[in-house]
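Step one of this worksheet: look at the structure below.
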Amino acid sequence: MISTNLLALFYLVSGVLFILALRGLSSPETSRQGNFFGIMGMLIAVLVTFLSIGNFSTSFIYVIVFLLIGGGVGAFIAFKIPMTAMPELVAGFHSLVGLAAVFVAISAFLNPEAFNLGFSGNIKLASLIEMSIGAAVGAITFSGSIIAFLKLRGIMSGAPITFPAQHILNLIILISIIVLTYFLCVTQSSSLFWSLIAISFLVGILLIIPIGGADMPVVISMLNSYSGWAAAGIGFTLENTALIITGALVGSSGAILSYIMCKGMNRSFFSVILGGFGGTDQITKSDNKEQKPVKSGNSDDAAFLMKNASSVIIVPGYGMAVAQAQHALREMVDALKKNGIKVSYAIHPVAGRMPGHMNVLLAEANVPYDEVFELEEINNDFANCDVAYVIGANDVTNPVAKTDPQSPIYGMPILDVEKAKSVLFVKRSLSPGYAGVDNDLFYRENTLMLFADAKKMTEDIIKSF
Amino acid sequence: MEIDPFIFRLSIFILSIFVGYYVVWSVTPSLHTPLMSVTNAISSVIIVGAIIAALAGNNESIFNEASIFGFLAIILAAVNIFGGFLVTQRMLAMYKKKKK
């Protein structure tokens, strides 16, 4: 047994280690050490919790067994998961944190004595409120993440699902959650507690179904944030510093990422949350569709252009992830570099389905991270580059965002691809991107469309060299 | 008069939000995906609550109404802890500098 004060100090230590874990991510060199700090923090938190209980009876053995079962499953997933599936993996993990928070809250509600929160039917008021917040936010995180997971996995269509009076319904439900919490605190009735959780599950579902596929970077970041607030709520209930610190860290981390993603799309957080963007209703905006001339070419043309270039910028997008083209792309770049051509990569903040998605895929394909640049770092270089190779990106290259105030994507920061001497645009057809807007870049003088699958085209270009 | 311990915890909470704010802004954008997976792993420190809940059962009934939820939460959190840290490790190992 260790004293309560010592225990609290140890939890503080693990909280600090978690801060260092995030701090390490400020550069790839320190990141691995940061992850190690994180693991240490977790180890300390778990070990001192065991010591504080000091009850090494049969149930302790069960705890270890359950821990190892979960750990084995987690380790298996971590080693097996392909890097392209990272967005849905993270969504899946968020759902587990959410559900764990709900379970801990339920357990605390059923057996408050174990946590020193009072007695069944007479739980301390503050604890009951904290518990309800933790359980409700946890439940929203759980069901919301499940929907995000299904959409990212393609099991559920990525198209937004909207119906009349959706927002009013959500508002009514949110108000009813507050009312329920109030009556729960007054009556301590367990049926109210269960209803609160059930309604929160419903909110999570309703909140995410109207949000379209390409807005997923915001959704994932937001759910990341929620999972943090749920953990913090439980931390207050359990009076546990490690959990409070971590919850606050994760909560603000997710919030910042959501902000960065919204800014990358020039959309307000509320317009993303209210959803419906990129639905089929917007594609009908094709009234002035005159047949504009498009130049298209094949892999030989593309190879010729690139071989005679002195600098090439690659612009990857979600299509690259779908086609699993990152390895072929790196081979192509290797061939170019052998010819003395300078190659760099330009990443838009919302490229892909989660923050940093493209960077991980390129790292997987052994692209050194110092050849990969963010929008602000590289945007001026397009004017001096000979070839821009757009692979799987679309809306983030559309010059209309700078020129047409009527366009739904007006004001979105975009990569100035059109300033390159020639643009090679790999795409399967001329269909508009997620925002439902025709890409002006297709019809530019200096654009050559390469109609093909991203991976196939890249491989063909390598052969043509 | 003594200060309510809740106020202490609230102070820690608010200060941690600020720490989180500044630390996360300093994270390089290329590591945003590992940031998400590692925050996922550390938020599973909720497992300490699950362990307390699971061990609260008495020896006659290891699996009672309340402890069952604790055991379930242990499994979920453990998946996240091992999965989260290991997948982060796997990703970070891929980030390499240009060979000069």
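Order determines the names: the first chain of the structure tokens is A, the second B, and so forth; residues in each chain are numbered 1 upward, and ligands are numbered 1 upward as they are shown.
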Check stretch 104-234 of chain A with DSSP on the backbone and list each residue it calls helix (DSSP H, G or I), as JSON, numbers by chain. {"A": [104, 105, 106, 107, 108, 109, 110, 112, 113, 114, 115, 125, 126, 127, 128, 129, 130, 131, 132, 133, 134, 135, 136, 137, 138, 139, 140, 141, 142, 143, 144, 145, 146, 147, 148, 149, 150, 151, 152, 153, 166, 167, 168, 169, 170, 171, 172, 173, 174, 175, 176, 177, 178, 179, 180, 181, 182, 183, 184, 185, 186, 187, 190, 191, 192, 193, 194, 195, 196, 197, 198, 199, 200, 201, 202, 203, 204, 205, 206, 207, 208, 213, 214, 215, 216, 217, 218, 219, 220, 221, 222, 223, 224, 225, 226, 227, 228, 229, 230, 231, 232, 233, 234]}
Considering only C-alpha atoms, return as an NGL selection string whatever protein or nucleic-acid residues lie within 10 Å of B:Phe82, sequence-local ones (same chain, fewer than 2 positions apart) excluded. (:A and (39 or 67-68 or 70-78)) or (:B and (41 or 44 or 77-80 or 84-88))
Run DSSP on the backbone and grab whatever in stretch 203-402 of chain A lands in strand (DSSP E); send it over as a compact mmCIF listing (two decimals) with N, CA, C and O atoms, in the first residue's frame.
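Dumped to out-v1.txt:
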# COMPACT_ATOMS: atom_id res chain seq x y z
N SER A 311 13.10 21.29 -62.23
CA SER A 311 12.50 21.08 -60.90
C SER A 311 11.05 20.62 -61.04
O SER A 311 10.32 21.08 -61.93
N VAL A 312 10.66 19.70 -60.16
CA VAL A 312 9.32 19.12 -60.18
C VAL A 312 8.75 19.20 -58.77
O VAL A 312 9.46 18.95 -57.79
N ILE A 313 7.48 19.60 -58.67
CA ILE A 313 6.80 19.56 -57.36
C ILE A 313 5.65 18.57 -57.45
O ILE A 313 4.84 18.61 -58.38
N ILE A 314 5.60 17.67 -56.48
CA ILE A 314 4.54 16.65 -56.44
C ILE A 314 3.44 17.15 -55.49
O ILE A 314 3.74 17.59 -54.38
N VAL A 315 2.19 17.06 -55.93
CA VAL A 315 1.07 17.45 -55.08
C VAL A 315 0.18 16.24 -54.83
O VAL A 315 -0.68 15.92 -55.64
N PRO A 316 0.37 15.53 -53.71
CA PRO A 316 -0.45 14.35 -53.46
C PRO A 316 -1.76 14.70 -52.75
O PRO A 316 -1.85 15.71 -52.06
N LYS A 342 15.45 18.36 -59.43
CA LYS A 342 15.11 18.67 -58.05
C LYS A 342 13.62 18.36 -57.83
O LYS A 342 12.77 18.85 -58.58
N VAL A 343 13.32 17.55 -56.84
CA VAL A 343 11.93 17.18 -56.60
C VAL A 343 11.55 17.51 -55.16
O VAL A 343 12.30 17.24 -54.23
N SER A 344 10.39 18.14 -54.97
CA SER A 344 9.88 18.31 -53.61
C SER A 344 8.38 17.99 -53.61
O SER A 344 7.75 17.89 -54.66
N TYR A 345 7.83 17.84 -52.42
CA TYR A 345 6.42 17.49 -52.26
C TYR A 345 5.70 18.64 -51.58
O TYR A 345 6.23 19.24 -50.65
N ALA A 346 4.49 18.95 -52.04
CA ALA A 346 3.70 20.03 -51.43
C ALA A 346 2.45 19.44 -50.82
O ALA A 346 1.66 18.78 -51.50
N ILE A 347 2.26 19.66 -49.51
CA ILE A 347 1.11 19.06 -48.82
C ILE A 347 0.14 20.16 -48.37
O ILE A 347 0.52 21.07 -47.63
N VAL A 372 9.50 17.13 -47.91
CA VAL A 372 8.05 17.33 -47.87
C VAL A 372 7.75 18.68 -47.22
O VAL A 372 8.23 18.96 -46.12
N PHE A 373 6.96 19.52 -47.91
CA PHE A 373 6.75 20.87 -47.41
C PHE A 373 5.27 21.19 -47.22
O PHE A 373 4.42 20.65 -47.92
N GLU A 374 5.00 22.07 -46.26
CA GLU A 374 3.64 22.54 -46.04
C GLU A 374 3.32 23.65 -47.02
O GLU A 374 4.21 24.25 -47.61
N VAL A 387 7.52 21.53 -63.66
CA VAL A 387 6.38 20.62 -63.72
C VAL A 387 5.78 20.45 -62.33
O VAL A 387 6.50 20.24 -61.35
N ALA A 388 4.45 20.57 -62.25
CA ALA A 388 3.74 20.19 -61.03
C ALA A 388 2.99 18.90 -61.35
O ALA A 388 2.26 18.83 -62.35
N TYR A 389 3.21 17.89 -60.52
CA TYR A 389 2.57 16.59 -60.76
C TYR A 389 1.49 16.41 -59.69
O TYR A 389 1.78 16.16 -58.53
N VAL A 390 0.23 16.58 -60.10
CA VAL A 390 -0.88 16.52 -59.15
C VAL A 390 -1.42 15.10 -59.14
O VAL A 390 -1.93 14.62 -60.16
N ILE A 391 -1.30 14.42 -58.04
CA ILE A 391 -1.71 13.02 -57.98
C ILE A 391 -2.72 12.82 -56.85
O ILE A 391 -2.37 12.79 -55.68
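Of the listed residues A:Leu206, A:Val48, A:Val179, A:Ala325, the one whose atoms come nearest to chain B is A:Val48, with distances taken using only C-alpha atoms.
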Which residues, written as a list in words, have at least one atom at most 10 Å from A:Leu257, with only C-alpha atoms counted and residues fewer than 4 positions away on the same chain left out? Pro217, Val218, Ile220, Ser221, Met222, Asn224, Ser225, Ser252, Ser253, Met261, Cys262, Lys263, Met354 and Pro355 of chain A; Val24, Trp25, Pro29, His32, Leu35 and Met36 of chain B
Would you kindly return, as a PyMOL selection string, each protein, DNA or RNA residue with an atom no farther than 10 Å from any atom of stretch 405-422 of chain A, considering only C-alpha atoms and excluding same-chain residues fewer than 6 positions away? chain A and resi 262-267+277-278+282+302+305-306+309+311-315+346-349+374-376+378-390+395-399+435-438+440-442+444-448
Please list as a ChimeraX atom specification every residue within 12 Å of A:Gly98, counting only C-alpha atoms and excluding residues in the same chain fewer than 4 positions away. /A:91-94,102-105,133-146,197,200-201,204,223-234,247 /B:40,43-44,46-47,73,76-77,80
Env of stretch 153-158 of chain A: 9 Å cut, atoms = only C-alpha atoms, seq-sep filter 2 positions within chain, self excluded. Answer as a PyMOL selection string. chain A and resi 85+87-88+147-151+160-161+209+211-214
Saved selection, atoms kept: all heavy atoms, as a JSON list (two decimals), in the first residue's frame:
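out14.json, freshly written:
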[["chain", "number", "residue", "atom", "x", "y", "z"],
["A", 85, "ALA", "N", -4.90, 2.88, -43.86],
["A", 85, "ALA", "CA", -6.11, 2.73, -43.04],
["A", 85, "ALA", "C", -6.02, 3.52, -41.75],
["A", 85, "ALA", "O", -6.84, 3.34, -40.85],
["A", 85, "ALA", "CB", -6.35, 1.25, -42.75],
["A", 87, "PRO", "N", -6.69, 6.65, -40.86],
["A", 87, "PRO", "CA", -7.83, 7.45, -40.39],
["A", 87, "PRO", "C", -8.90, 6.61, -39.70],
["A", 87, "PRO", "O", -9.38, 6.96, -38.62],
["A", 87, "PRO", "CB", -8.39, 8.08, -41.68],
["A", 87, "PRO", "CG", -7.22, 8.11, -42.60],
["A", 87, "PRO", "CD", -6.41, 6.90, -42.28],
["A", 88, "GLU", "N", -9.26, 5.46, -40.30],
["A", 88, "GLU", "CA", -10.30, 4.67, -39.65],
["A", 88, "GLU", "C", -9.80, 4.01, -38.38],
["A", 88, "GLU", "O", -10.56, 3.81, -37.43],
["A", 88, "GLU", "CB", -10.94, 3.64, -40.59],
["A", 88, "GLU", "CG", -9.99, 2.75, -41.35],
["A", 88, "GLU", "CD", -9.75, 3.24, -42.77],
["A", 88, "GLU", "OE1", -9.52, 4.45, -42.94],
["A", 88, "GLU", "OE2", -9.77, 2.40, -43.69],
["A", 147, "ILE", "N", -19.63, 5.98, -36.35],
["A", 147, "ILE", "CA", -20.13, 6.46, -37.64],
["A", 147, "ILE", "C", -18.97, 6.93, -38.51],
["A", 147, "ILE", "O", -18.89, 6.61, -39.71],
["A", 147, "ILE", "CB", -21.14, 7.62, -37.45],
["A", 147, "ILE", "CG1", -22.34, 7.17, -36.62],
["A", 147, "ILE", "CG2", -21.61, 8.16, -38.80],
["A", 147, "ILE", "CD1", -23.20, 6.13, -37.26],
["A", 148, "ALA", "N", -18.03, 7.70, -37.91],
["A", 148, "ALA", "CA", -16.87, 8.17, -38.67],
["A", 148, "ALA", "C", -16.08, 6.98, -39.20],
["A", 148, "ALA", "O", -15.66, 6.96, -40.37],
["A", 148, "ALA", "CB", -15.98, 9.04, -37.78],
["A", 149, "PHE", "N", -15.92, 5.97, -38.37],
["A", 149, "PHE", "CA", -15.20, 4.76, -38.78],
["A", 149, "PHE", "C", -15.88, 4.11, -39.99],
["A", 149, "PHE", "O", -15.24, 3.79, -40.98],
["A", 149, "PHE", "CB", -15.16, 3.77, -37.60],
["A", 149, "PHE", "CG", -14.57, 2.43, -37.94],
["A", 149, "PHE", "CD1", -13.19, 2.25, -37.91],
["A", 149, "PHE", "CD2", -15.38, 1.36, -38.27],
["A", 149, "PHE", "CE1", -12.63, 1.02, -38.23],
["A", 149, "PHE", "CE2", -14.83, 0.12, -38.59],
["A", 149, "PHE", "CZ", -13.46, -0.04, -38.57],
["A", 150, "LEU", "N", -17.21, 3.95, -39.89],
["A", 150, "LEU", "CA", -17.95, 3.30, -40.98],
["A", 150, "LEU", "C", -17.84, 4.10, -42.27],
["A", 150, "LEU", "O", -17.71, 3.54, -43.36],
["A", 150, "LEU", "CB", -19.43, 3.14, -40.60],
["A", 150, "LEU", "CG", -19.71, 2.18, -39.44],
["A", 150, "LEU", "CD1", -21.18, 2.18, -39.08],
["A", 150, "LEU", "CD2", -19.26, 0.76, -39.79],
["A", 151, "LYS", "N", -17.88, 5.43, -42.16],
["A", 151, "LYS", "CA", -17.77, 6.27, -43.36],
["A", 151, "LYS", "C", -16.36, 6.17, -43.96],
["A", 151, "LYS", "O", -16.21, 6.08, -45.17],
["A", 151, "LYS", "CB", -18.06, 7.73, -43.00],
["A", 151, "LYS", "CG", -19.54, 8.00, -42.79],
["A", 151, "LYS", "CD", -19.84, 9.48, -42.80],
["A", 151, "LYS", "CE", -21.34, 9.69, -42.78],
["A", 151, "LYS", "NZ", -21.73, 11.04, -43.18],
["A", 160, "PRO", "N", -23.16, 13.01, -47.18],
["A", 160, "PRO", "CA", -23.86, 13.47, -45.98],
["A", 160, "PRO", "C", -25.31, 12.99, -45.98],
["A", 160, "PRO", "O", -25.95, 12.93, -47.03],
["A", 160, "PRO", "CB", -23.80, 14.99, -46.09],
["A", 160, "PRO", "CG", -23.27, 15.32, -47.42],
["A", 160, "PRO", "CD", -22.74, 14.10, -48.07],
["A", 161, "ILE", "N", -25.81, 12.61, -44.81],
["A", 161, "ILE", "CA", -27.21, 12.19, -44.69],
["A", 161, "ILE", "C", -27.95, 13.32, -43.98],
["A", 161, "ILE", "O", -27.66, 13.64, -42.84],
["A", 161, "ILE", "CB", -27.33, 10.89, -43.87],
["A", 161, "ILE", "CG1", -26.56, 9.78, -44.58],
["A", 161, "ILE", "CG2", -28.79, 10.52, -43.66],
["A", 161, "ILE", "CD1", -26.38, 8.53, -43.75],
["A", 209, "ILE", "N", -23.65, 11.84, -38.90],
["A", 209, "ILE", "CA", -24.19, 11.41, -40.21],
["A", 209, "ILE", "C", -24.34, 12.54, -41.23],
["A", 209, "ILE", "O", -24.18, 12.29, -42.42],
["A", 209, "ILE", "CB", -25.52, 10.60, -40.12],
["A", 209, "ILE", "CG1", -26.56, 11.36, -39.33],
["A", 209, "ILE", "CG2", -25.30, 9.21, -39.58],
["A", 209, "ILE", "CD1", -27.96, 10.73, -39.48],
["A", 211, "ILE", "N", -22.28, 14.83, -41.94],
["A", 211, "ILE", "CA", -21.00, 15.38, -42.36],
["A", 211, "ILE", "C", -20.37, 14.50, -43.44],
["A", 211, "ILE", "O", -20.28, 13.28, -43.28],
["A", 211, "ILE", "CB", -20.06, 15.53, -41.15],
["A", 211, "ILE", "CG1", -20.77, 16.38, -40.08],
["A", 211, "ILE", "CG2", -18.75, 16.19, -41.57],
["A", 211, "ILE", "CD1", -19.96, 16.59, -38.84],
["A", 212, "GLY", "N", -19.95, 15.14, -44.53],
["A", 212, "GLY", "CA", -19.46, 14.40, -45.70],
["A", 212, "GLY", "C", -18.04, 13.91, -45.55],
["A", 212, "GLY", "O", -17.29, 14.33, -44.67],
["A", 213, "GLY", "N", -17.64, 13.00, -46.45],
["A", 213, "GLY", "CA", -16.35, 12.32, -46.39],
["A", 213, "GLY", "C", -15.13, 13.21, -46.28],
["A", 213, "GLY", "O", -14.25, 12.99, -45.46],
["A", 214, "ALA", "N", -15.07, 14.26, -47.12],
["A", 214, "ALA", "CA", -13.85, 15.07, -47.14],
["A", 214, "ALA", "C", -13.78, 16.02, -45.95],
["A", 214, "ALA", "O", -12.76, 16.64, -45.71],
["A", 214, "ALA", "CB", -13.73, 15.84, -48.43]]
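For A:Leu274, the non-local neighbours within 8 Å, defined as residues at least 3 positions apart in the same chain or in other chains and counting only C-alpha atoms, are His167, Pro210, Ile211, Phe270 and Ser271 of chain A.
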Selected residue, from B:Ala93, B:Phe6, B:Ile74, B:Ile68, that lies nearest to A:Thr237 when counting only C-alpha atoms: B:Phe6
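The two atoms in question, atom CA of A:Val186 and atom CA of A:Leu243, are spaced 27.2 Å apart.
For the choices A:Ile462, A:Phe304, A:Ser95, A:Ile69, the atom-to-atom distance to A:Ile205 is smallest for A:Ser95 when using only C-alpha atoms.
Between A:Met42 and the residues B:Val45, B:Leu10, B:Ser37, B:Val23, the shortest atom-to-atom distance, using only C-alpha atoms, involves B:Val45.
Going from atom CA of A:Glu29 to atom CA of A:Ser258 covers 25.3 Å.
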Interatomic distance between atom CA of A:Asp370 and atom CA of B:Lys96? 8.4 Å
Top pick for closest residue to B:Ser16, considering A:Met83, A:Ile245, A:Val350, A:Ala101 and counting only C-alpha atoms: A:Ile245
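Closest to B:Arg9 among A:Asp215, A:Val46, A:Ile64, A:Leu238 is A:Leu238, based on only C-alpha atoms.
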